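Worksheet: one structure, shown below.
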Amino acid sequence: MTTTDSEQLDAAGSGRRGQSGGSRKDPGRRERIARAAITVVAERGIERLTHRAVAAAAEVPLGSTTYHFATLDDLLAVALRQAAQDNVAELREYADRMDSGGDLAAVLTDLVLRYLGPERRRTVVEHELYVAALHRPALRSASTEWDAALRDLFTAYTDEVSGKMLAAVFCGLLWQGIVREPVPERDEIEMIFRRALGTSVVS
């Protein structure tokens with residue numbers, strides 16, 4: 001039996017007793033566990049993720065993690081969904097600048113430079129979670145939901161085809177940026193977005 005298996009068995013008896021009441025008293029616990037899972041992946045990598053490590057990071061009993069998320073794939077899936085929600089919400093906040101006459105190409109360029117600069121570590125973790133779906137079928141729905149959310153967001157400011165293209169360009173720039181040095185210059189990134197947008201910007 002692995003350490004992870006024994007942790008889950010040890011927690012099963014004590015973790016489930018009274019847990020529903022504890023959840024009602026702490027409605028933000030699931031989200032806190034999800035964010036803790038992201039933190040653990042950032043610090044230790046996906047392969048070293050355990051319920052015990054997440055419980056410690058979230059400052060909750062071990063039984064709470066196994067109650068809400070029975071398997072490690074469940075933990076990874078909720079971490080991936082939380083990362084996707086945070087990412088799309090931030091993108092929407094930036095894109096809303098268009099409502100006051102902002103420049104979409106410039107806004108997206110700002111975001112790419114931020115994600116590859118001050119937020120680089122977070123970007124790497126998000127992509128690690130995303131690519132984990134290649135070998136963990138349980139994560140694929142979370143990954144495709146993220147893709148769809150990005151596509152829908154960009155489509156709202158352009159059109160359906162341009163939205164798909166912008167999502168692909170945006171993600172591609174981030175993928176390339178986290179595996180190569182140096183980060184592309186601002187002019188290069190902005191030129192790529194302007195070429196992708198063409199005449200499709202909604203006025």
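Letters A, B, ... go to the chains of the structure tokens in the order shown; residues in each chain start at 1; ligands are counted from 1 in the same order.
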Problem set entry | Close residues, A:Glu145 itself excluded, 12 Å, only C-alpha atoms, min 3 positions apart in chain, as a PyMOL selection string | chain A and resi 77+80-85+88+130+139-142+148-152
For stretch 68-173 of chain A versus stretch 50-59 of chain A, which residues have an atom no more than 12 Å away, and what is each residue's nearest atom pair and distance in Å rounded to one decimal, using only C-alpha atoms, chain-then-number order, as a Markdown table?
| residue | atom | partner | partner_atom | distance |
| --- | --- | --- | --- | --- |
| A:His68 | CA | A:His51 | CA | 10.7 |
| A:Phe69 | CA | A:His51 | CA | 8.7 |
| A:Ala70 | CA | A:His51 | CA | 9.0 |
| A:Thr71 | CA | A:His51 | CA | 8.4 |
| A:Leu72 | CA | A:Thr50 | CA | 6.9 |
| A:Asp73 | CA | A:Thr50 | CA | 10.4 |
| A:Asp74 | CA | A:His51 | CA | 10.5 |
| A:Leu75 | CA | A:His51 | CA | 8.1 |
| A:Leu76 | CA | A:Thr50 | CA | 10.1 |
| A:Ala79 | CA | A:Val54 | CA | 10.8 |
For this session: Give the answer as one residue: which of A:Ser143, A:Val161, A:Gly172, A:Ile189 has the shortest atom-to-atom distance to A:Val78, using only C-alpha atoms?
Result: A:Ser143
For this session: Point out the residue among A:His127, A:Gln176, A:Pro137, A:Tyr157 with the least atom-to-atom distance to A:Asp103, counting only C-alpha atoms.
Result: A:Tyr157
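Going from atom CA of A:Val112 over to atom CA of A:Glu43, you cover 22.9 Å.
Shortest atom-to-atom contact with A:Leu153 among A:Ala132, A:Ile178, A:Leu91, A:Ala106: A:Leu91, counting only C-alpha atoms.
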Problem set entry | Residue nearest A:Ile46 among A:Glu160, A:Glu93, A:Glu126, A:Glu188 (counting only C-alpha atoms) | A:Glu126
